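First up is the structure itself, then whatever we jot down about it.
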Amino acid sequence: MANRPYIVGNWKMNGTRALLAEARAIDRGAARASGVQVAIAPPFTLVNPLAEAVQEITVGGQDCHVQAAGAYTGDISAAMLKDAGATFTIVGHSERRAMHGETDAVVLAKAQAALDAGLEVIVCVGETEAERDAGQAETVVCAQLQGSLPTGADIAAKVTVAYEPVWAIGTGRVPSVDDVSAMHRAIRARLIAIYGEDGAGVQILYGGSVNAGNAVELLSADEVGGALVGGASLTAESFLAIVVAAGGSASE
């Protein structure tokens, strides 16, 4: 994974079995883009059907509980995700942090639970518009990394970081390439501080209104190893355009 761009679709709370047709089309397209690793995180109800419907792409969850089992009505454990066919899960997405009050400590516990269950993790970080306007973006993001990333022997190889400026998610607003590069360089430095030389191999994805029109430019920014894609991942046409852009950026 470390040498290939990693393009992950986050379907959020969208999709019924009818959307599996798009997943199959994405899977066929991914087969023609061998230089790119492609993944989809569908709603929990589609993890198993999607995992059974595709061959080339990997399938993950959008979240998991900190506990492996118990009286937690409505929640899903990492072990359940793995049993359903997931190979990774997203944790710490800004929507979880904002809407469910998840702290760095909670995100860390979820990431560790996922690793303990045999899943890889995508840990999301990102600043609000107010924090960026106050000149605190890098400080906030690096603090999130410090508080949210699990540590230990051989952990770095199982972790991906997704930088998603909160103010850019679903808004159509996108930071400049220079701003993305600066933040990704800061994230890289903090990853090396946390993991030592292993931190140089952790992939850093950019997320926040990524689409076919801006993917080439964003994926060419320093230390951008792929993208976490929201709305544009819901159709094969728009998502595969980003995959193709990633393949082109990898060959440059």
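Residues in the structure tokens are named by chain (A, B, ... in the order shown) and by number from 1 within that chain; ligands are numbered from 1 in the order shown.
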Tell me which protein, DNA and RNA residues are within 7 Å of Leu149 (chain A), counting only C-alpha atoms, leaving out same-chain ones fewer than 3 positions away, and put them as an MDAnalysis selection string.
chainID A and resid 108 145:146
Using DSSP on the backbone coordinates, identify all residues within region 25-252 of chain A classified as strand (DSSP E); present the result as an MDAnalysis selection string.
chainID A and resid 37:41 58:61 88:91 120:125 159:163 204:207 226:229
Could you jot down the CA of Ala162 (chain A) to CA of Cys124 (chain A) separation for me, Å, one decimal place?
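Result for CA of Ala162 (chain A) versus CA of Cys124 (chain A): 4.6 Å, one decimal.
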Considering only C-alpha atoms, return as a PyMOL selection string whatever protein or nucleic-acid residues lie within 8 Å of Gln203 (chain A), sequence-local ones (same chain, fewer than 2 positions apart) excluded.
chain A and resi 2+6+159-161+201+205+224-226
Check the DSSP output for the backbone and give back, as a count of residues only, the residues of region 178-250 of chain A in helix (DSSP H, G or I).
47
If you count only C-alpha atoms, which residues fall within 10 Å of Gly9 (chain A), apart from same-chain ones fewer than 5 positions away, as a list of chain:residue names?
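Once the adjacent positions are removed, what remains is A:Val38, A:Ala39, A:Ile40, A:Ala41, A:Pro42, A:Val59, A:Gly60, A:Ala227, A:Leu228, A:Val229, A:Gly230, A:Gly231, A:Ala232, A:Ser233, A:Leu234, A:Phe239.
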Have a look at A:Gln62, A:Thr73, A:Thr16, A:Ser209 and name the one nearest to Pro49 (chain A); count only C-alpha atoms.
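Once distances to Pro49 (chain A) are computed over only C-alpha atoms, the minimum belongs to A:Thr16.
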So that I can check the surroundings of region 28-30 of chain A, please list as an MDAnalysis selection string every protein, DNA and RNA residue that reaches within 9 Å of it, counting only C-alpha atoms and ignoring chain neighbours fewer than 6 positions away.
chainID A and resid 36:38 54:57 236 240 243:244
